[in-house]
>>> print(open('final_12.cif').read())   # mmCIF, C-alpha atoms
data_protein
loop_
_atom_site.group_PDB
_atom_site.id
_atom_site.type_symbol
_atom_site.label_atom_id
_atom_site.label_comp_id
_atom_site.auth_asym_id
_atom_site.auth_seq_id
_atom_site.Cartn_x
_atom_site.Cartn_y
_atom_site.Cartn_z
ATOM 1 C CA MET A 1 139.419 96.904 92.714
ATOM 2 C CA GLY A 2 139.536 98.850 96.008
ATOM 3 C CA ARG A 3 136.772 99.243 98.509
ATOM 4 C CA SER A 4 136.156 102.836 97.459
ATOM 5 C CA SER A 5 135.606 101.771 93.851
ATOM 6 C CA ILE A 6 133.205 99.032 94.896
ATOM 7 C CA ALA A 7 131.294 101.499 97.081
ATOM 8 C CA LEU A 8 131.144 103.920 94.160
ATOM 9 C CA TYR A 9 129.585 101.331 91.868
ATOM 10 C CA VAL A 10 127.101 100.279 94.565
ATOM 11 C CA ILE A 11 126.000 103.870 95.090
ATOM 12 C CA MET A 12 125.630 104.457 91.335
ATOM 13 C CA VAL A 13 123.252 101.515 91.119
ATOM 14 C CA THR A 14 121.305 101.678 94.374
ATOM 15 C CA VAL A 15 120.640 105.406 94.857
ATOM 16 C CA PRO A 16 118.787 105.994 91.541
ATOM 17 C CA ALA A 17 116.920 102.709 91.967
ATOM 18 C CA VAL A 18 115.749 103.697 95.464
ATOM 19 C CA VAL A 19 114.737 107.188 94.264
ATOM 20 C CA ALA A 20 112.783 105.711 91.345
ATOM 21 C CA LEU A 21 111.049 103.211 93.629
ATOM 22 C CA LEU A 22 110.044 105.893 96.131
ATOM 23 C CA TRP A 23 108.753 108.043 93.269
ATOM 24 C CA ARG A 24 106.659 105.140 91.957
ATOM 25 C CA LEU A 25 105.241 104.457 95.414
ATOM 26 C CA GLY A 26 104.644 108.136 96.193
ATOM 27 C CA PRO A 27 103.805 111.036 93.887
ATOM 28 C CA ALA A 28 103.559 109.026 90.670
ATOM 29 C CA ARG A 29 101.176 106.511 92.228
ATOM 30 C CA ARG A 30 98.974 109.264 93.697
ATOM 31 C CA ARG A 31 98.731 111.056 90.348
ATOM 32 C CA ALA A 32 97.850 107.852 88.507
ATOM 33 C CA ALA A 33 95.184 107.037 91.115
ATOM 34 C CA GLY A 34 93.744 110.552 90.791
ATOM 35 C CA VAL A 35 93.511 110.186 87.025
ATOM 36 C CA GLU A 36 91.770 106.809 87.340
ATOM 37 C CA ARG A 37 89.249 108.183 89.850
ATOM 38 C CA ARG A 38 88.261 111.019 87.551
ATOM 39 C CA LEU A 39 87.793 108.762 84.555
ATOM 40 C CA ALA A 40 85.631 106.410 86.621
ATOM 41 C CA TRP A 41 83.633 109.361 87.957
ATOM 42 C CA VAL A 42 82.809 110.677 84.482
ATOM 43 C CA LEU A 43 81.752 107.251 83.233
ATOM 44 C CA SER A 44 79.549 106.470 86.244
ATOM 45 C CA ALA A 45 78.172 109.782 87.508
ATOM 46 C CA SER A 46 77.407 111.317 84.112
ATOM 47 C CA GLY A 47 75.323 108.348 83.036
ATOM 48 C CA LEU A 48 77.206 107.810 79.776
ATOM 49 C CA ALA A 49 76.053 104.511 78.267
ATOM 50 C CA VAL A 50 79.221 103.762 76.290
ATOM 51 C CA THR A 51 81.844 101.061 75.827
ATOM 52 C CA PRO A 52 85.202 102.392 77.133
ATOM 53 C CA VAL A 53 88.339 101.042 75.458
ATOM 54 C CA ALA A 54 91.890 101.770 76.629
ATOM 55 C CA HIS A 55 93.400 104.369 74.318
ATOM 56 C CA GLY A 56 96.660 105.670 75.768
ATOM 57 C CA HIS A 57 98.590 106.533 78.917
ATOM 58 C CA GLY A 58 101.863 108.106 79.978
ATOM 59 C CA ALA A 59 103.524 111.500 80.243
ATOM 60 C CA VAL A 60 102.263 114.058 77.723
ATOM 61 C CA ARG A 61 103.408 117.619 77.089
ATOM 62 C CA ALA A 62 100.696 120.242 77.455
ATOM 63 C CA ALA A 63 100.327 123.381 75.370
ATOM 64 C CA ASP A 64 101.934 125.462 78.153
ATOM 65 C CA GLY A 65 105.093 123.305 78.048
ATOM 66 C CA THR A 66 104.412 121.402 81.274
ATOM 67 C CA TRP A 67 104.339 117.624 81.477
ATOM 68 C CA ARG A 68 101.366 115.750 82.899
ATOM 69 C CA TYR A 69 100.527 112.102 83.464
ATOM 70 C CA SER A 70 97.596 111.283 81.210
ATOM 71 C CA ARG A 71 95.266 108.359 80.522
ATOM 72 C CA SER A 72 92.647 108.325 77.788
ATOM 73 C CA LEU A 73 89.745 106.084 76.814
ATOM 74 C CA LEU A 74 88.116 105.588 73.439
ATOM 75 C CA LEU A 75 84.361 105.744 74.043
ATOM 76 C CA ARG A 76 82.589 103.385 71.652
ATOM 77 C CA ASP A 77 78.847 103.073 71.011
ATOM 78 C CA VAL A 78 78.156 106.669 72.078
ATOM 79 C CA PRO A 79 74.354 107.108 71.913
ATOM 80 C CA LEU A 80 74.534 110.866 71.239
ATOM 81 C CA ALA A 81 75.835 112.887 68.315
ATOM 82 C CA TRP A 82 78.814 115.091 69.180
ATOM 83 C CA PRO A 83 76.830 118.359 69.661
ATOM 84 C CA GLU A 84 74.442 116.694 72.137
ATOM 85 C CA LEU A 85 77.260 114.783 73.867
ATOM 86 C CA SER A 86 79.415 117.870 74.355
ATOM 87 C CA ALA A 87 76.471 119.940 75.587
ATOM 88 C CA ALA A 88 75.463 117.253 78.098
ATOM 89 C CA GLN A 89 79.023 116.883 79.427
ATOM 90 C CA GLU A 90 79.543 120.633 79.614
ATOM 91 C CA ALA A 91 76.410 120.975 81.732
ATOM 92 C CA PHE A 92 77.414 118.009 83.917
ATOM 93 C CA TRP A 93 80.956 119.270 84.528
ATOM 94 C CA THR A 94 79.720 122.792 85.240
ATOM 95 C CA ARG A 95 77.196 121.526 87.819
ATOM 96 C CA ALA A 96 80.042 119.572 89.444
ATOM 97 C CA GLY A 97 81.964 122.804 90.005
ATOM 98 C CA LEU A 98 84.588 122.389 87.292
ATOM 99 C CA ARG A 99 85.827 125.262 85.170
ATOM 100 C CA VAL A 100 84.886 124.310 81.618
ATOM 101 C CA ARG A 101 86.047 125.743 78.314
ATOM 102 C CA ARG A 102 85.502 124.739 74.720
ATOM 103 C CA GLY A 103 88.386 124.056 72.354
ATOM 104 C CA GLU A 104 89.290 126.878 69.997
ATOM 105 C CA ALA A 105 91.331 125.175 67.264
ATOM 106 C CA ALA A 106 89.279 121.951 67.215
ATOM 107 C CA PRO A 107 85.975 120.749 68.707
ATOM 108 C CA GLY A 108 86.363 119.544 72.255
ATOM 109 C CA LEU A 109 85.861 120.288 75.932
ATOM 110 C CA GLU A 110 88.345 120.888 78.742
ATOM 111 C CA ALA A 111 87.449 120.961 82.424
ATOM 112 C CA PHE A 112 89.738 121.930 85.299
ATOM 113 C CA ASP A 113 89.222 121.021 88.951
ATOM 114 C CA THR A 114 90.589 122.714 92.055
ATOM 115 C CA GLN A 115 93.350 120.113 92.485
ATOM 116 C CA GLY A 116 94.900 120.805 89.071
ATOM 117 C CA TYR A 117 93.536 117.774 87.195
ATOM 118 C CA VAL A 118 92.202 118.225 83.670
ATOM 119 C CA LEU A 119 89.413 116.372 81.872
ATOM 120 C CA ARG A 120 89.151 116.459 78.094
ATOM 121 C CA LEU A 121 86.470 115.193 75.742
ATOM 122 C CA ALA A 122 86.811 115.316 71.957
ATOM 123 C CA PRO A 123 85.469 113.524 68.880
ATOM 124 C CA ALA A 124 87.573 110.514 67.961
ATOM 125 C CA PRO A 125 89.330 111.093 64.639
ATOM 126 C CA GLY A 126 88.602 108.302 62.210
ATOM 127 C CA PHE A 127 85.853 106.777 64.373
ATOM 128 C CA PHE A 128 82.442 108.040 63.384
ATOM 129 C CA GLY A 129 80.224 108.615 66.428
ATOM 130 C CA ASP A 130 82.971 107.792 68.969
ATOM 131 C CA ALA A 131 84.773 110.102 71.383
ATOM 132 C CA ILE A 132 87.987 110.268 73.404
ATOM 133 C CA LEU A 133 87.844 110.942 77.120
ATOM 134 C CA GLU A 134 91.136 111.928 78.758
ATOM 135 C CA ALA A 135 92.156 112.738 82.315
ATOM 136 C CA ALA A 136 95.498 114.411 83.071
ATOM 137 C CA SER A 137 97.267 115.020 86.360
ATOM 138 C CA PRO A 138 98.617 118.331 87.673
ATOM 139 C CA PRO A 139 101.944 119.332 86.098
ATOM 140 C CA LEU A 140 104.834 117.018 86.943
ATOM 141 C CA ALA A 141 107.653 118.622 88.930
ATOM 142 C CA THR A 142 110.781 118.706 86.761
ATOM 143 C CA LEU A 143 114.062 120.567 87.254
ATOM 144 C CA GLY A 144 114.787 121.142 83.579
ATOM 145 C CA PHE A 145 118.265 121.197 82.038
ATOM 146 C CA LEU A 146 119.662 124.034 84.152
ATOM 147 C CA GLY A 147 118.142 122.539 87.283
ATOM 148 C CA GLY A 148 119.872 119.248 86.542
ATOM 149 C CA VAL A 149 123.194 121.029 86.062
ATOM 150 C CA GLY A 150 122.722 122.925 89.308
ATOM 151 C CA ALA A 151 121.803 119.785 91.243
ATOM 152 C CA VAL A 152 125.316 118.448 90.536
ATOM 153 C CA ALA A 153 127.358 121.631 90.211
ATOM 154 C CA ALA A 154 126.235 123.340 93.426
ATOM 155 C CA PRO A 155 127.134 120.553 95.917
ATOM 156 C CA ALA A 156 130.301 119.779 93.914
ATOM 157 C CA ALA A 157 131.412 123.408 94.173
ATOM 158 C CA LEU A 158 130.710 123.439 97.923
ATOM 159 C CA SER A 159 132.717 120.243 98.383
ATOM 160 C CA VAL A 160 135.678 121.681 96.447
ATOM 161 C CA ALA A 161 135.528 124.846 98.544
ATOM 162 C CA ALA A 162 135.497 122.739 101.716
ATOM 163 C CA LEU A 163 138.569 120.832 100.496
ATOM 164 C CA TYR A 164 140.536 124.066 100.224
ATOM 165 C CA LEU A 165 139.465 125.148 103.695
ATOM 166 C CA THR A 166 140.327 121.918 105.508
ATOM 167 C CA ASP A 167 143.793 121.131 106.860
ATOM 168 C CA SER A 168 143.054 117.520 107.809
ATOM 169 C CA ASP A 169 144.006 114.649 105.538
ATOM 170 C CA GLY A 170 141.226 112.511 106.970
ATOM 171 C CA THR A 171 138.606 115.170 106.353
ATOM 172 C CA ALA A 172 139.866 115.736 102.822
ATOM 173 C CA THR A 173 139.700 112.017 102.072
ATOM 174 C CA ALA A 174 136.138 111.816 103.416
ATOM 175 C CA LEU A 175 135.097 114.869 101.400
ATOM 176 C CA LEU A 176 136.572 113.413 98.206
ATOM 177 C CA ALA A 177 134.846 110.085 98.806
ATOM 178 C CA GLY A 178 131.545 111.837 99.429
ATOM 179 C CA LEU A 179 132.012 114.014 96.347
ATOM 180 C CA ARG A 180 132.758 111.014 94.133
ATOM 181 C CA ALA A 181 129.755 109.143 95.492
ATOM 182 C CA GLY A 182 127.418 112.111 95.090
ATOM 183 C CA VAL A 183 128.505 112.881 91.538
ATOM 184 C CA ALA A 184 128.277 109.192 90.609
ATOM 185 C CA ALA A 185 124.739 109.064 91.977
ATOM 186 C CA GLY A 186 123.899 112.218 90.005
ATOM 187 C CA LEU A 187 125.234 110.642 86.819
ATOM 188 C CA ALA A 188 123.272 107.441 87.354
ATOM 189 C CA SER A 189 120.130 109.412 88.201
ATOM 190 C CA GLY A 190 120.587 111.450 85.033
ATOM 191 C CA LEU A 191 120.839 108.314 82.921
ATOM 192 C CA LEU A 192 117.668 107.036 84.571
ATOM 193 C CA CYS A 193 115.876 110.345 83.885
ATOM 194 C CA LEU A 194 116.755 110.049 80.187
ATOM 195 C CA LEU A 195 114.409 107.054 80.006
ATOM 196 C CA ASN A 196 111.409 109.219 80.973
ATOM 197 C CA ARG A 197 110.155 111.819 78.504
ATOM 198 C CA ALA A 198 108.954 114.201 81.201
ATOM 199 C CA HIS A 199 112.342 114.230 82.974
ATOM 200 C CA ARG A 200 114.599 113.975 79.930
ATOM 201 C CA ALA A 201 115.768 117.619 80.094
ATOM 202 C CA THR A 202 116.688 117.175 83.755
ATOM 203 C CA GLY A 203 118.558 113.989 82.868
ATOM 204 C CA ARG A 204 120.583 115.777 80.209
ATOM 205 C CA GLY A 205 121.532 118.457 82.733
ATOM 206 C CA LEU A 206 122.579 115.898 85.343
ATOM 207 C CA VAL A 207 124.689 113.947 82.872
ATOM 208 C CA ALA A 208 126.263 117.079 81.340
ATOM 209 C CA ALA A 209 127.404 118.268 84.771
ATOM 210 C CA ALA A 210 128.267 114.941 86.413
ATOM 211 C CA LEU A 211 130.217 113.262 83.619
ATOM 212 C CA PRO A 212 133.156 115.710 83.394
ATOM 213 C CA VAL A 213 133.323 116.190 87.173
ATOM 214 C CA LEU A 214 133.410 112.447 87.804
ATOM 215 C CA ALA A 215 136.030 111.960 85.074
ATOM 216 C CA VAL A 216 138.297 114.577 86.694
ATOM 217 C CA LEU A 217 137.816 113.045 90.139
ATOM 218 C CA LEU A 218 138.621 109.537 88.957
ATOM 219 C CA VAL A 219 141.729 110.633 87.024
ATOM 220 C CA PHE A 220 143.290 113.106 89.459
ATOM 221 C CA THR A 221 142.257 111.848 92.914
#
>>> encode(input="final_12.cif", output="structure tokens")
Amino acid sequence: MGRSSIALYVIMVTVPAVVALLWRLGPARRRAAGVERRLAWVLSASGLAVTPVAHGHGAVRAADGTWRYSRSLLLRDVPLAWPELSAAQEAFWTRAGLRVRRGEAAPGLEAFDTQGYVLRLAPAPGFFGDAILEAASPPLATLGFLGGVGAVAAPAALSVAALYLTDSDGTATALLAGLRAGVAAGLASGLLCLLNRAHRATGRGLVAAALPVLAVLLVFT
């Protein structure tokens, strides 16, 4: 195995891992912290005397097709019937400056703040007298399938064009090495994106574009 092959494998493993780590330490962590703060605020500032139980968390797809990070709590021992509970929370959220609307298809409340977070309160199905409180982050930034294809195809096309314009063997070798490394990193990133529901479409686009390009590069260069 040559040095270039070893470098290719190292890049395929390390680049997606570093990107995922930075994402966890950056935007993803900030969104999760924002969701937690809003749940804690509702439970403390509204004066709800309930027993909160973890209900669910993770990426969820909203009605408008966007993906958001969400965490929900099952509120047990609610001292108010649903009409009184929803009226009290609607008044509380409105006083706090949130834009509140009532659910149309099913009973429930939604409140939107200026930073793009959403609060939801609804009766808990199958649990008489209980409710579900949910907080969701602003929409997650995703490229989608075509964005994933473009993220690989555009730099690959520029590299191929540069190869035709160069008359130096050393430059051509460096461009090919960089192209192989970049496409390999795109393929590995795409495979990593497939593990996350919110970024699965982007992952499919990355893999669909990177796999044939990398195969051609490895066979003919």
>>> resolve_selection(input="final_12.cif", expression="the PyMOL selection byres ((chain A and resi 80-94) around 12)", output="VMD selection string")
chain A and resid 38 41 to 50 75 to 79 95 to 103 107 to 113 118 to 124 127 to 133
>>> atom_distance(input="final_12.cif", atom1="atom CA of Tyr69 of chain A", atom2="atom CA of Leu206 of chain A")
22.5 Å
>>> atom_distance(input="final_12.cif", atom1="atom CA of Ala188 of chain A", atom2="atom CA of Leu176 of chain A")
18.2 Å
>>> residues_around(input="final_12.cif", residues="Pro212 of chain A", least_positions_apart="2", cutoff="12 Å", atoms="all atoms listed in the file", output="VMD selection string")
chain A and resid 149 152 to 153 156 180 183 to 184 186 to 187 205 to 210 214 to 219
>>> atom_distance(input="final_12.cif", atom1="atom CA of Leu158 of chain A", atom2="atom CA of Ala177 of chain A")
14.0 Å
>>> closest_residue(input="final_12.cif", among="A:Pro52, A:Gly190, A:Gly58, A:Gly182", to="Ala154 of chain A", atoms="only C-alpha atoms")
A:Gly182
>>> closest_residue(input="final_12.cif", among="A:Leu175, A:Leu140, A:Leu146, A:Ala185", to="Thr202 of chain A", atoms="all atoms listed in the file")
A:Leu146
>>> resolve_selection(input="final_12.cif", expression="the PyMOL selection byres ((chain A and resi 33) around 12)", output="ChimeraX atom specification")
/A:24-32,34-40,69-71,117,135-137
>>> closest_residue(input="final_12.cif", among="A:Leu74, A:Asp64, A:Gly116, A:Tyr164", to="Thr51 of chain A", atoms="all atoms listed in the file")
A:Leu74
>>> resolve_selection(input="final_12.cif", expression="the PyMOL selection byres ((chain A and resi 55) around 8)", output="ChimeraX atom specification")
/A:53-54,56-57,71-74
>>> closest_residue(input="final_12.cif", among="A:Leu195, A:Arg204, A:Pro139, A:Gly150", to="Trp67 of chain A", atoms="all atoms listed in the file")
A:Pro139
>>> closest_residue(input="final_12.cif", among="A:Leu179, A:Thr173, A:Phe145, A:Thr66", to="Cys193 of chain A", atoms="only C-alpha atoms")
A:Phe145
>>> decode(input="final_12.cif", residues="segment 174-187 of chain A", atoms="all heavy atoms", output="mmCIF file, in the first residue's frame")
data_model
loop_
_atom_site.group_PDB
_atom_site.id
_atom_site.type_symbol
_atom_site.label_atom_id
_atom_site.label_comp_id
_atom_site.auth_asym_id
_atom_site.auth_seq_id
_atom_site.Cartn_x
_atom_site.Cartn_y
_atom_site.Cartn_z
ATOM 1 N N ALA A 174 -0.473 16.817 -7.802
ATOM 2 C CA ALA A 174 -1.008 17.417 -6.579
ATOM 3 C C ALA A 174 -2.513 17.611 -6.687
ATOM 4 O O ALA A 174 -3.260 17.368 -5.732
ATOM 5 C CB ALA A 174 -0.315 18.743 -6.307
ATOM 6 N N LEU A 175 -2.975 18.036 -7.869
ATOM 7 C CA LEU A 175 -4.413 18.229 -8.068
ATOM 8 C C LEU A 175 -5.173 16.905 -7.963
ATOM 9 O O LEU A 175 -6.239 16.822 -7.346
ATOM 10 C CB LEU A 175 -4.672 18.870 -9.430
ATOM 11 C CG LEU A 175 -4.447 20.380 -9.531
ATOM 12 C CD1 LEU A 175 -4.521 20.825 -10.991
ATOM 13 C CD2 LEU A 175 -5.479 21.123 -8.697
ATOM 14 N N LEU A 176 -4.605 15.853 -8.561
ATOM 15 C CA LEU A 176 -5.247 14.537 -8.482
ATOM 16 C C LEU A 176 -5.299 14.026 -7.044
ATOM 17 O O LEU A 176 -6.309 13.471 -6.602
ATOM 18 C CB LEU A 176 -4.501 13.537 -9.369
ATOM 19 C CG LEU A 176 -4.805 13.604 -10.868
ATOM 20 C CD1 LEU A 176 -3.866 12.678 -11.634
ATOM 21 C CD2 LEU A 176 -6.266 13.205 -11.129
ATOM 22 N N ALA A 177 -4.202 14.225 -6.319
ATOM 23 C CA ALA A 177 -4.172 13.790 -4.919
ATOM 24 C C ALA A 177 -5.204 14.561 -4.101
ATOM 25 O O ALA A 177 -5.928 13.983 -3.279
ATOM 26 C CB ALA A 177 -2.772 13.986 -4.342
ATOM 27 N N GLY A 178 -5.281 15.865 -4.335
ATOM 28 C CA GLY A 178 -6.266 16.666 -3.616
ATOM 29 C C GLY A 178 -7.685 16.286 -3.984
ATOM 30 O O GLY A 178 -8.577 16.246 -3.124
ATOM 31 N N LEU A 179 -7.911 15.984 -5.275
ATOM 32 C CA LEU A 179 -9.237 15.580 -5.725
ATOM 33 C C LEU A 179 -9.646 14.258 -5.096
ATOM 34 O O LEU A 179 -10.774 14.097 -4.616
ATOM 35 C CB LEU A 179 -9.250 15.476 -7.256
ATOM 36 C CG LEU A 179 -10.576 15.048 -7.901
ATOM 37 C CD1 LEU A 179 -11.692 15.991 -7.515
ATOM 38 C CD2 LEU A 179 -10.431 15.000 -9.423
ATOM 39 N N ARG A 180 -8.730 13.290 -5.091
ATOM 40 C CA ARG A 180 -9.033 11.996 -4.469
ATOM 41 C C ARG A 180 -9.357 12.160 -2.984
ATOM 42 O O ARG A 180 -10.312 11.572 -2.465
ATOM 43 C CB ARG A 180 -7.873 11.026 -4.658
ATOM 44 C CG ARG A 180 -7.805 10.407 -6.034
ATOM 45 C CD ARG A 180 -6.856 9.213 -6.036
ATOM 46 N NE ARG A 180 -5.474 9.620 -5.777
ATOM 47 C CZ ARG A 180 -4.595 9.907 -6.726
ATOM 48 N NH1 ARG A 180 -4.947 9.827 -8.005
ATOM 49 N NH2 ARG A 180 -3.358 10.262 -6.416
ATOM 50 N N ALA A 181 -8.546 12.964 -2.306
ATOM 51 C CA ALA A 181 -8.760 13.169 -0.876
ATOM 52 C C ALA A 181 -10.099 13.866 -0.613
ATOM 53 O O ALA A 181 -10.860 13.475 0.288
ATOM 54 C CB ALA A 181 -7.612 13.985 -0.286
ATOM 55 N N GLY A 182 -10.400 14.882 -1.398
ATOM 56 C CA GLY A 182 -11.650 15.614 -1.199
ATOM 57 C C GLY A 182 -12.872 14.755 -1.459
ATOM 58 O O GLY A 182 -13.850 14.792 -0.701
ATOM 59 N N VAL A 183 -12.837 13.983 -2.539
ATOM 60 C CA VAL A 183 -13.978 13.122 -2.861
ATOM 61 C C VAL A 183 -14.124 12.016 -1.816
ATOM 62 O O VAL A 183 -15.234 11.653 -1.421
ATOM 63 C CB VAL A 183 -13.821 12.532 -4.280
ATOM 64 C CG1 VAL A 183 -14.921 11.520 -4.568
ATOM 65 C CG2 VAL A 183 -13.861 13.645 -5.318
ATOM 66 N N ALA A 184 -12.990 11.482 -1.355
ATOM 67 C CA ALA A 184 -13.044 10.457 -0.303
ATOM 68 C C ALA A 184 -13.660 11.018 0.973
ATOM 69 O O ALA A 184 -14.481 10.366 1.631
ATOM 70 C CB ALA A 184 -11.652 9.914 -0.030
ATOM 71 N N ALA A 185 -13.276 12.242 1.328
ATOM 72 C CA ALA A 185 -13.855 12.870 2.512
ATOM 73 C C ALA A 185 -15.351 13.120 2.316
ATOM 74 O O ALA A 185 -16.146 12.958 3.247
ATOM 75 C CB ALA A 185 -13.134 14.184 2.810
ATOM 76 N N GLY A 186 -15.745 13.497 1.095
ATOM 77 C CA GLY A 186 -17.170 13.684 0.813
ATOM 78 C C GLY A 186 -17.949 12.393 0.938
ATOM 79 O O GLY A 186 -19.065 12.370 1.462
ATOM 80 N N LEU A 187 -17.362 11.291 0.468
ATOM 81 C CA LEU A 187 -18.016 9.989 0.582
ATOM 82 C C LEU A 187 -18.173 9.584 2.048
ATOM 83 O O LEU A 187 -19.255 9.153 2.481
ATOM 84 C CB LEU A 187 -17.209 8.931 -0.170
ATOM 85 C CG LEU A 187 -17.715 7.481 -0.061
ATOM 86 C CD1 LEU A 187 -19.128 7.351 -0.600
ATOM 87 C CD2 LEU A 187 -16.766 6.532 -0.786
#
